[in-house]
>>> print(open('final16.pdb').read())   # PDB, C-alpha atoms
ATOM      1  CA  MET E  24      93.909  26.359  75.287
ATOM      2  CA  ILE E  25      90.393  27.702  74.976
ATOM      3  CA  ARG E  26      91.758  31.075  73.998
ATOM      4  CA  LEU E  27      93.872  29.587  71.240
ATOM      5  CA  GLU E  28      90.879  27.739  69.913
ATOM      6  CA  LEU E  29      88.807  30.915  70.028
ATOM      7  CA  LEU E  30      91.506  32.886  68.214
ATOM      8  CA  ARG E  31      91.825  30.223  65.542
ATOM      9  CA  ARG E  32      88.074  30.230  64.938
ATOM     10  CA  LEU E  33      88.054  34.031  64.779
ATOM     11  CA  ARG E  34      90.780  33.957  62.134
ATOM     12  CA  GLN E  35      88.866  31.391  60.136
ATOM     13  CA  ASN E  36      85.595  33.318  60.378
ATOM     14  CA  TRP E  37      87.116  36.813  60.270
ATOM     15  CA  SER E  38      85.143  37.802  57.188
ATOM     16  CA  LEU E  39      81.875  36.741  58.862
ATOM     17  CA  VAL E  40      82.754  38.596  62.087
ATOM     18  CA  SER E  41      83.701  41.732  60.175
ATOM     19  CA  ILE E  42      80.441  41.593  58.189
ATOM     20  CA  VAL E  43      78.419  41.280  61.398
ATOM     21  CA  LEU E  44      80.292  44.162  63.037
ATOM     22  CA  LEU E  45      79.919  46.361  59.952
ATOM     23  CA  THR E  46      76.210  45.511  59.742
ATOM     24  CA  ILE E  47      75.723  46.497  63.386
ATOM     25  CA  LEU E  48      77.631  49.731  62.743
ATOM     26  CA  VAL E  49      75.583  50.572  59.637
ATOM     27  CA  VAL E  50      72.280  49.889  61.426
ATOM     28  CA  TRP E  51      73.376  52.027  64.389
ATOM     29  CA  LEU E  52      74.383  54.889  62.071
ATOM     30  CA  ALA E  53      71.086  54.611  60.180
ATOM     31  CA  LEU E  54      69.151  54.854  63.445
ATOM     32  CA  LEU E  55      71.245  57.853  64.445
ATOM     33  CA  ILE E  56      70.477  59.593  61.140
ATOM     34  CA  VAL E  57      66.742  58.885  61.451
ATOM     35  CA  ASN E  58      66.736  60.187  65.006
ATOM     36  CA  ASN E  59      68.574  63.367  63.985
ATOM     37  CA  GLN E  60      66.182  63.949  61.084
ATOM     38  CA  TYR E  61      63.251  63.613  63.472
ATOM     39  CA  LYS E  62      64.811  66.180  65.833
ATOM     40  CA  VAL E  63      65.500  68.556  62.932
ATOM     41  CA  ARG E  64      61.887  68.309  61.729
ATOM     42  CA  ALA E  65      60.607  68.967  65.240
ATOM     43  CA  LEU E  66      62.861  72.020  65.578
ATOM     44  CA  ILE E  67      61.834  73.350  62.168
ATOM     45  CA  SER E  68      58.179  72.978  63.159
ATOM     46  CA  GLU E  69      58.848  74.844  66.394
ATOM     47  CA  ILE E  70      60.680  77.621  64.524
ATOM     48  CA  GLU E  71      57.757  78.006  62.114
ATOM     49  CA  GLN E  72      55.302  78.246  65.015
ATOM     50  CA  GLU E  73      57.446  80.912  66.681
ATOM     51  CA  GLN E  74      57.705  82.864  63.420
ATOM     52  CA  GLU E  75      53.922  82.736  63.027
ATOM     53  CA  GLN E  76      53.527  83.988  66.598
ATOM     54  CA  SER E  77      55.997  86.786  65.832
ATOM     55  CA  ARG E  78      54.022  87.787  62.726
ATOM     56  CA  ARG E  79      50.785  87.862  64.719
ATOM     57  CA  LEU E  80      52.386  90.008  67.433
ATOM     58  CA  LEU E  81      53.779  92.438  64.849
ATOM     59  CA  ASP E  82      50.351  92.736  63.230
ATOM     60  CA  GLU E  83      48.799  93.391  66.632
ATOM     61  CA  GLN E  84      51.459  96.016  67.396
ATOM     62  CA  ARG E  85      50.694  97.797  64.111
ATOM     63  CA  GLU E  86      46.973  97.779  64.902
ATOM     64  CA  ILE E  87      47.626  99.192  68.366
ATOM     65  CA  ASN E  88      49.877 101.923  66.949
ATOM     66  CA  ILE E  89      47.181 102.891  64.440
ATOM     67  CA  GLU E  90      44.546 102.949  67.178
ATOM     68  CA  LEU E  91      46.826 105.011  69.420
ATOM     69  CA  ALA E  92      47.467 107.524  66.650
ATOM     70  CA  LYS E  93      43.714 107.751  66.049
ATOM     71  CA  VAL E  94      42.723 108.346  69.683
ATOM     72  CA  THR E  95      45.346 111.044  70.197
ATOM     73  CA  LEU E  96      43.966 113.236  67.403
ATOM     74  CA  PRO E  97      42.450 116.460  68.768
ATOM     75  CA  GLY E  98      39.185 115.900  66.887
ATOM     76  CA  TYR E  99      38.747 112.445  68.403
ATOM     77  CA  ILE E 100      39.399 113.821  71.882
ATOM     78  CA  ALA E 101      36.946 116.703  71.337
ATOM     79  CA  SER E 102      34.203 114.359  70.069
ATOM     80  CA  GLY E 103      34.739 112.087  73.071
ATOM     81  CA  ALA E 104      34.504 115.081  75.403
ATOM     82  CA  ARG E 105      31.242 116.195  73.733
ATOM     83  CA  GLU E 106      29.801 112.691  74.162
ATOM     84  CA  MET E 107      30.592 112.942  77.881
ATOM     85  CA  GLY E 108      28.750 116.261  78.098
ATOM     86  CA  LEU E 109      31.844 118.442  78.306
ATOM     87  CA  GLU E 110      32.194 121.658  76.373
ATOM     88  CA  PRO E 111      35.269 123.128  74.714
ATOM     89  CA  ALA E 112      37.421 125.504  76.732
ATOM     90  CA  ARG E 113      36.734 129.177  76.038
ATOM     91  CA  ASN E 114      38.277 132.317  77.462
ATOM     92  CA  GLU E 115      35.161 133.074  79.514
ATOM     93  CA  ASN E 116      35.251 129.750  81.344
ATOM     94  CA  THR E 117      39.032 129.417  81.661
ATOM     95  CA  VAL E 118      41.008 130.464  84.709
ATOM     96  CA  ILE E 119      44.758 130.846  84.447
ATOM     97  CA  LEU E 120      46.611 130.329  87.678
ATOM     98  CA  GLN E 121      49.929 131.989  88.217
ATOM     99  CA  PRO E 122      52.129 130.188  90.722
ATOM    100  CA  LYS E 123      53.673 132.227  93.486
ATOM    101  CA  PRO E 124      57.442 132.282  93.492
ATOM    102  CA  VAL E 125      58.892 130.083  96.219
ATOM    103  CA  PRO E 126      61.956 131.385  98.016
ATOM    104  CA  ARG E 127      65.018 129.214  97.599
ATOM    105  CA  PHE E 128      65.736 128.890 101.288
ATOM    106  CA  VAL E 129      62.906 128.931 103.756
ATOM    107  CA  THR E 130      63.893 129.635 107.319
ATOM    108  CA  ARG E 131      61.787 128.551 110.243
ATOM    109  CA  LYS E 132      60.611 130.929 112.864
ATOM    110  CA  GLU E 133      61.379 130.125 116.466
ATOM    111  CA  GLY E 134      57.739 129.369 117.263
ATOM    112  CA  ASP E 135      57.211 126.829 114.400
ATOM    113  CA  GLN E 136      57.436 123.160 115.274
ATOM    114  CA  SER E 137      57.478 121.294 111.983
TER     115      SER E 137
END
>>> encode(input="final16.pdb", output="C-alpha cells")
Amino acid sequence: MIRLELLRRLRQNWSLVSIVLLTILVVWLALLIVNNQYKVRALISEIEQEQEQSRRLLDEQREINIELAKVTLPGYIASGAREMGLEPARNENTVILQPKPVPRFVTRKEGDQS
C-alpha cells in the first residue's frame, strides 16, 4: 500500500524528480571538469619546471664541454706545467725505456717455489 502511494506520487512529481536528478548530475559533472582542469594545470606547471631544469642542465653540459676542450689544449697544459715549476721535455732530459720481450710460456725451475 505504501509502495503504491509512493509510486503514484513519483508519477505525479516525475518532472520535479527528473529535474532534481539532472541538476545533481550536472553539478557532479561540473565538479569533475573543474577537478580535471586543476590536475591538468598542475601537470602543465610540472612539465614546464622539468623543461626549465632540462634547459639548465643542457647549458651546464655545454659549459663543461667548452671547459674540457679548453683544458685539453696543449698550450693550456704547458702553461699549467710551467706554473707548477715543471719544464718542457727535451731530448737531453728524456729517457726512453725499451721493454724486454717476455717469453710466451715461462717454465718454472725445480728449485722455485712460487
>>> atom_distance(input="final16.pdb", atom1="atom CA of Asn58 of chain E", atom2="atom CA of Gln72 of chain E")
21.4 Å
>>> atom_distance(input="final16.pdb", atom1="atom CA of Arg34 of chain E", atom2="atom CA of Leu48 of chain E")
20.5 Å
>>> atom_distance(input="final16.pdb", atom1="atom CA of Pro97 of chain E", atom2="atom CA of Asn114 of chain E")
18.6 Å
>>> axis_aligned_box(input="final16.pdb", around="segment 46-61 of chain E", padding_each_side="4 Å", output="lines of an AutoDock Vina configuration file")
center_x = 70.4
center_y = 54.7
center_z = 62.3
size_x = 22.4
size_y = 26.4
size_z = 13.4
